[in-house]
Structure formats: structure tokens, C-alpha cells
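Below: one structure, written as C-alpha cells.
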Protein chains: 2
Amino acid sequence: MTSIAPTADRILDIAEGLVQTRGYEAFSYADIADALSIRKASIHYHYPSKAELTRAMAARYRVAFAGRLAQVEAEFPDPTRRLMCYIRQFQDALREGDHMCLYGMLASDAGTLPEAVRTEVNGFFADQEAWLARVLADGRAREEFRFDGRPDAAAAALLAGLEGAMLVARSRRDVAHFAAVASRLVGSLTSGG
Amino acid sequence: MTSIAPTADRILDIAEGLVQTRGYEAFSYADIADALSIRKASIHYHYPSKAELTRAMAARYRVAFAGRLAQVEAEFPDPTRRLMCYIRQFQDALREGDHMCLYGMLASDAGTLPEAVRTEVNGFFADQEAWLARVLADGRAREEFRFDGRPDAAAAALLAGLEGAMLVARSRRDVAHFAAVASRLVGSLTSGG
DNA sequence: ACTGCGCCCTACCTACCAGTAGATTGGGCC
DNA sequence: GGCCCAATCTACTGGTAGGTAGGGCGCAGT
């Protein structure tokens with residue numbers, strides 16, 4: 001499917017993978033051109049600047065991720081299973097060869113990111129925390145989850161734990177480390193206070 | 001004190017700040033040279049390559065951090081206070097102008113890091129988890145902390161939460177976000193299961 | 001058949017990168 | 001004075017970065 005997609009999309013596919021493995025500063029137009037066997041100038045035709053390319057890529061990812069979460073909600077009504085599906089999204093990325101969560105990677109490059117991309121990053125995190133907060137609130141109402149304080153605070157802590165676990169796990173090349181931390185985070189919701 | 005330090009140390013001081021704010025790929029010999037009003041070639045005299053410079057910087061930071069933790073242990077016997085001091089280390093870095101934990105930043109650059117530096121990064125995280133695990137185990141023995149499972153697993157989750165919280169907080173330029181997540185993590189140890 | 005346009009190309013630009021060669025400076029020591 | 005040596009300098013290399021100018025190819029509509 002990648003091979004028959006229009007060039008503009010294939011450019012974003014490659015860029016996405018490069019950002020996830022190397023980060024914003026460490027990928028170049030030349031890298032994408034090589035991967036697609038086209039010239040650098042052709043990429044500039046589709047995306048006039050690196051800033052615009054990255055913004056488009058981030059926006060596409062954000063929409064796609066929101067779509068997948070909506071699908072999870074449609075498919076599974078119970079909060080525990082929803083949460084497991086959510087976590088698996090991250091874990092799958094990590095398993096497929098040193099890929100970090102795209103937005104976790106972009107967040108770490110926040111210091112050098114074009115402003116438009118940084119805005120997108122913060123919007124994405126806000127999306128994630130809002131989604132998680134709803135799942136957590138729902139789960140507590142059904143007495144599947146137990147936690148103190150406001151759902152949005154618990155969601156922020158959960159998201160931070162997952163992002164941090166990916167960071168450490170990827171550096172160690174150890175997916176099991178992420179899985180261990182993730183299951184502990186879920187465990188503390190389903191049993192502890 | 002910085003101004004009278006030998007050049008080799010001042011180079012590492014500047015490099016450290018640059019890595020914390022921009023990352024490994026986004027700082028250059030020219031940046032350091034400008035900051036110290038010397039020429040690039042002088043930096044190569046002290047550190048023949050960027051890889052070696054970064055390794056030296058990482059090693060120095062690791063030793064310094066271990067020293068500070070030892071000092072905390074000497075000063076405060078109770079686990080709760082030790083943990084608060086630990087967290088304040090991170091928070092102070094964040095407060096001083098968009099600085100991320102040095103090792104969190106390096107971990108996010110793991111995909112492009114020289115091998116020697118990557119080894120140092122994983123060693124640092126191992127140090128951190130070991131220290132935290134000891135504090136947690138001690139705290140549980142004294143019934144100051146409550147948590148399930150092995151201390152090292154709880155330590156890994158705690159470290160991941162702190163690193164992830166820094167990542168998100170820095171992207172948002174919102175120190176309060178880190179503080180909120182951090183206090184929630186401590187709270188779940190001191191009250192919950 | 002001609003035109004317009006989407007798409008990709010070659011060729012080039014300027015700026016910057018890490019790293020090197022070799023001269024120069026200046027203080028301590030004999 | 002003459003020497004050494006640490007430390008810094010100027011000047012440069014080969015390579016790569018993002019970005020630009022302008023030409024050509026092929027397919028649509030007319």
C-alpha cells in the first residue's frame with residue numbers, strides 16, 4: 001500500500017519513521033530522497049520547507065491516532081480493555097525497530113522545533129490526556145479503576161509514565177522494560193488506590 | 001566560579017547546557033566556541049571529537065549526580081525526604097530555562113548517539129533505578145511507603161514517570177505540570193498501595 | 001495539435017558541519 | 001638567552017544541510 005500511495009504521502013511515511021528513530025534534527029531531505037529514489041528538489045515541490053513537511057506529518061499522525069482511539073472506543077466498551085489497547089499502540093511502535101512514539105520524540109526536540117510543530121505537539125498531548133481522563137473517569141465510575149484525585153491529573157501521570165518508559169526502554173533496546181512499567185501502571189489503577 | 005574554571009571544564013559546562021536545551025544533534029563546536037569566545041580548533045585540542053566531548057560531559061554529570069545523591073543520603077536519613085530531594089534535582093533543572101534532564105535528552109537521541117555515550121546513558125539510568133530502589137525498599141521497611149511488587153520495578157516506574165513528566169512539561173513550558181505529576185507519584189507511594 | 005499543469009529533474013547556491021595542519025604566543029625552567 | 005610545552009590561533013578541507021532556478025516530460029481538456 002505504501003508503494004502505490006501518492007508521493008506526498010510516501011514522503012510523510014518516510015519522514016515519520018526517520019523522526020521516530022532519529023529525531024527532528026537528525027533527518028534530512030537527502031535521507032527521504034534516497035529512500036524514495038527521487039531527488040531532493042521533488043520533495044521541496046510537495047513541501048516547500050522542512051518546517052512545513054514536519055507540521056504536515058505531525059498533523060496527519062495526530063488525526064490518524066485520534067481515529068484509532070475512536071475505533072477502540074467503538075469496539076470495546078469497558079475501560080480496562082480500552083486502556084490495554086491504548087498501551088498496545090505504543091508498544092507496537094517500540095517493537096517495530098527502535099521506534100519511539102512520534103510525539104515523544106518531537107517533544108524532546110521542542111527546543112529547536114519550528115513554532116507550528118511545537119503547537120501541534122502540545123495539542124497532541126492535550127488530546128491524549130483528555131482521552132485518558134475520560135477512560136479513567138469512566139473506569140472509576142464502574143469501579144474497575146481506583147485512584148485518588150481528579151481524572152485529568154491521573155491521566156497526566158499515566159501519560160508521563162508511558163512516555164518516560166518508552167524513552168528509557170528504547171535507549172536500552174529493551175521492549176520488555178516498557179511492558180513491565182506499563183503493566184505496573186495499569187496494575188496500580190486496577191488494584192491499588 | 002565558571003569564569004575561572006579551566007577551559008576544558010568550561011567547554012563541558014557549555015556543552016551540557018546546549019545538550020539539555022537542544023539535544024546532541026543540534027549543538028555544534030561553533031556554538032561552544034562562540035559562547036566562550038575562543039576558536040573551534042581550541043575545542044578540538046581539548047576534546048578531539050564530538051563523540052569524546054559528549055562522553056566526557058556525560059561521565060562528569062554522572063559522577064556529579066552520584067555525589068549529590070550521596071550527600072542527600074548523608075544529610076537526610078528518612079526515605080520520604082530523600083525522595084523529595086531527588087525530585088527537586090530534576091525540577092530545578094527544568095526551572096532554569098527549558099533545561100531537560102541531561103540523560104533524558106541523551107536517551108531521546110539514542111538513535112544517533114556514539115556507542116560510548118549510549119553505554120554511559122544506560123549506566124546512568126541503571127544508577128538511578130538502583131538508588132531509587134534502595135530508597136523505596138528502605139521506605140517500605142519503615143512503613144513510610146506502600147507499594148506492590150519488587151522495589152526495582154517500582155523504581156523503574158517512578159523514574160519513567162519523572163522523565164516523561166519532564167518531557168511533556170518542557171514542551172509545554174510548564175514547570176507546574178512536572179510538579180503536579182511528581183507530587184502525584186510520591187503521593188501514590190505514601191498513601192496508596 | 002496545442003496548451004496548461006502536475007510532477008520530477010539537473011544544476012546550483014549559501015551556510016554550516018566536524019575535523020586537520022601548521023604557525024604563534026607566553027610562561028616556566030635550565 | 002635558549003628551550004620546552006601547553007594552549008590558542010588562522011586558514012583550510014571535504015562533506016552535508018536546507019533551499020532555489022529553471023527546464024522537460026507526459027497527460028488532461030479543448
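By order of appearance in the C-alpha cells: chains A, B, ..., then residues from 1 within every chain, and ligands from 1 in the order shown.
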Could the residues of chain C within 12 Å of chain B, counting only C-alpha atoms (C1' of nucleotides), be given as a PyMOL selection string, please? chain C and resi 16-21
Write out as a Markdown table the residues of chain B that have any atom within 9 Å of an atom of chain A, one row each with the nearest atom pair and its distance in Å to one decimal, counting only C-alpha atoms, sorted by chain and then rising number.
| residue | atom | partner | partner_atom | distance |
| --- | --- | --- | --- | --- |
| B:Thr21 | CA | A:Gly111 | CA | 5.8 |
| B:Arg22 | CA | A:Gly111 | CA | 5.1 |
| B:Gly23 | CA | A:Asp109 | CA | 7.0 |
| B:Glu25 | CA | A:Glu25 | CA | 6.0 |
| B:Ala26 | CA | A:Glu25 | CA | 6.3 |
| B:Asp98 | CA | A:Gly111 | CA | 7.8 |
| B:Met100 | CA | A:Ser108 | CA | 8.5 |
| B:Gly104 | CA | A:Leu167 | CA | 7.5 |
| B:Met105 | CA | A:Ser108 | CA | 6.6 |
| B:Leu106 | CA | A:Ser171 | CA | 8.8 |
| B:Ala107 | CA | A:Ser171 | CA | 5.4 |
| B:Ser108 | CA | A:Leu167 | CA | 6.1 |
| B:Asp109 | CA | A:Arg22 | CA | 6.7 |
| B:Ala110 | CA | A:Ser171 | CA | 5.5 |
| B:Gly111 | CA | A:Arg22 | CA | 5.2 |
| B:Thr112 | CA | A:Arg22 | CA | 6.1 |
| B:Arg118 | CA | A:Ser171 | CA | 7.4 |
| B:Thr119 | CA | A:Arg172 | CA | 8.9 |
| B:Val121 | CA | A:Ser171 | CA | 7.8 |
| B:Asn122 | CA | A:Arg172 | CA | 6.3 |
| B:Phe125 | CA | A:Val168 | CA | 7.7 |
| B:Phe147 | CA | A:Gly192 | CA | 8.4 |
| B:Asp148 | CA | A:Ser188 | CA | 8.3 |
| B:Gly149 | CA | A:Arg184 | CA | 9.0 |
| B:Ala153 | CA | A:Val181 | CA | 7.3 |
| B:Ala154 | CA | A:Arg184 | CA | 8.0 |
| B:Ala156 | CA | A:Val181 | CA | 6.8 |
| B:Ala157 | CA | A:Val181 | CA | 5.2 |
| B:Leu158 | CA | A:Gly161 | CA | 7.6 |
| B:Leu159 | CA | A:Gly164 | CA | 7.6 |
| B:Ala160 | CA | A:Gly164 | CA | 4.1 |
| B:Gly161 | CA | A:Gly161 | CA | 3.8 |
| B:Leu162 | CA | A:Gly164 | CA | 7.1 |
| B:Glu163 | CA | A:Gly164 | CA | 5.0 |
| B:Gly164 | CA | A:Gly164 | CA | 3.8 |
| B:Ala165 | CA | A:Ala160 | CA | 4.7 |
| B:Met166 | CA | A:Ala160 | CA | 8.1 |
| B:Leu167 | CA | A:Ser108 | CA | 6.1 |
| B:Val168 | CA | A:Ala107 | CA | 6.7 |
| B:Arg170 | CA | A:Ala110 | CA | 7.6 |
| B:Ser171 | CA | A:Ala107 | CA | 5.5 |
| B:Arg172 | CA | A:Asn122 | CA | 6.2 |
| B:His177 | CA | A:Ala156 | CA | 8.4 |
| B:Ala180 | CA | A:Ala153 | CA | 7.6 |
| B:Val181 | CA | A:Ala157 | CA | 5.2 |
| B:Ala182 | CA | A:Ala157 | CA | 8.1 |
| B:Arg184 | CA | A:Ala157 | CA | 7.4 |
| B:Leu185 | CA | A:Ala157 | CA | 7.5 |
| B:Ser188 | CA | A:Gly193 | CA | 7.4 |
| B:Ser191 | CA | A:Gly193 | CA | 8.0 |
| B:Gly192 | CA | A:Gly193 | CA | 4.7 |
| B:Gly193 | CA | A:Gly192 | CA | 4.7 |
May I have all residues of segment 91-148 of chain A that DSSP, computed from the backbone, assigns to helix (DSSP H, G or I), given as a PyMOL selection string? chain A and resi 91-95+102-108+110-112+115-141
Which residues of chain D come within 9 Å of chain A, and what is each one's closest atom pair and distance in Å (one decimal), counting only C-alpha atoms (C1' of nucleotides), sorted by chain and residue number, as CSV?
residue,atom,partner,partner_atom,distance
D:DA17,C1',A:Ser28,CA,7.6
D:DG18,C1',A:Lys50,CA,7.6
D:DG19,C1',A:Ser49,CA,7.8
D:DT20,C1',A:Ala41,CA,8.9
Keeping N, CA and C atoms (P, O5', C5', C4', C3', O3' and C1' of nucleotides), export the residues of the selection given above as a compact mmCIF listing (two decimals), in the first residue's frame.
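Output file part-v5.txt is given in full below:
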# COMPACT_ATOMS: atom_id res chain seq x y z
P DA D 17 22.64 15.59 4.79
O5' DA D 17 22.01 16.99 5.21
C5' DA D 17 22.30 17.52 6.48
C4' DA D 17 21.94 18.99 6.54
C3' DA D 17 20.70 19.37 5.74
O3' DA D 17 19.56 19.23 6.59
C1' DA D 17 22.47 20.90 5.30
P DG D 18 18.12 19.02 5.89
O5' DG D 18 17.72 20.49 5.44
C5' DG D 18 17.69 21.52 6.42
C4' DG D 18 17.45 22.84 5.73
C3' DG D 18 16.15 22.90 4.92
O3' DG D 18 15.53 24.17 5.11
C1' DG D 18 18.02 23.33 3.51
P DG D 19 14.12 24.50 4.39
O5' DG D 19 14.58 25.18 3.02
C5' DG D 19 15.50 26.26 3.08
C4' DG D 19 15.85 26.72 1.67
C3' DG D 19 14.67 26.76 0.69
O3' DG D 19 14.52 28.08 0.19
C1' DG D 19 16.57 25.73 -0.28
P DT D 20 13.41 28.46 -0.90
O5' DT D 20 14.27 28.54 -2.24
C5' DT D 20 15.44 29.34 -2.26
C4' DT D 20 15.97 29.43 -3.68
C3' DT D 20 14.89 29.67 -4.75
O3' DT D 20 15.36 30.72 -5.61
C1' DT D 20 16.19 27.76 -5.31
note - atom CA of Val19 of chain A and atom CA of Asp127 of chain B are separated by 28.6 Å
Using only C-alpha atoms (C1' of nucleotides), which residues sit within 9 Å of DA7 of chain D once same-chain residues fewer than 5 positions away are excluded, as a PyMOL selection string? (chain B and resi 42+45) or (chain C and resi 25)
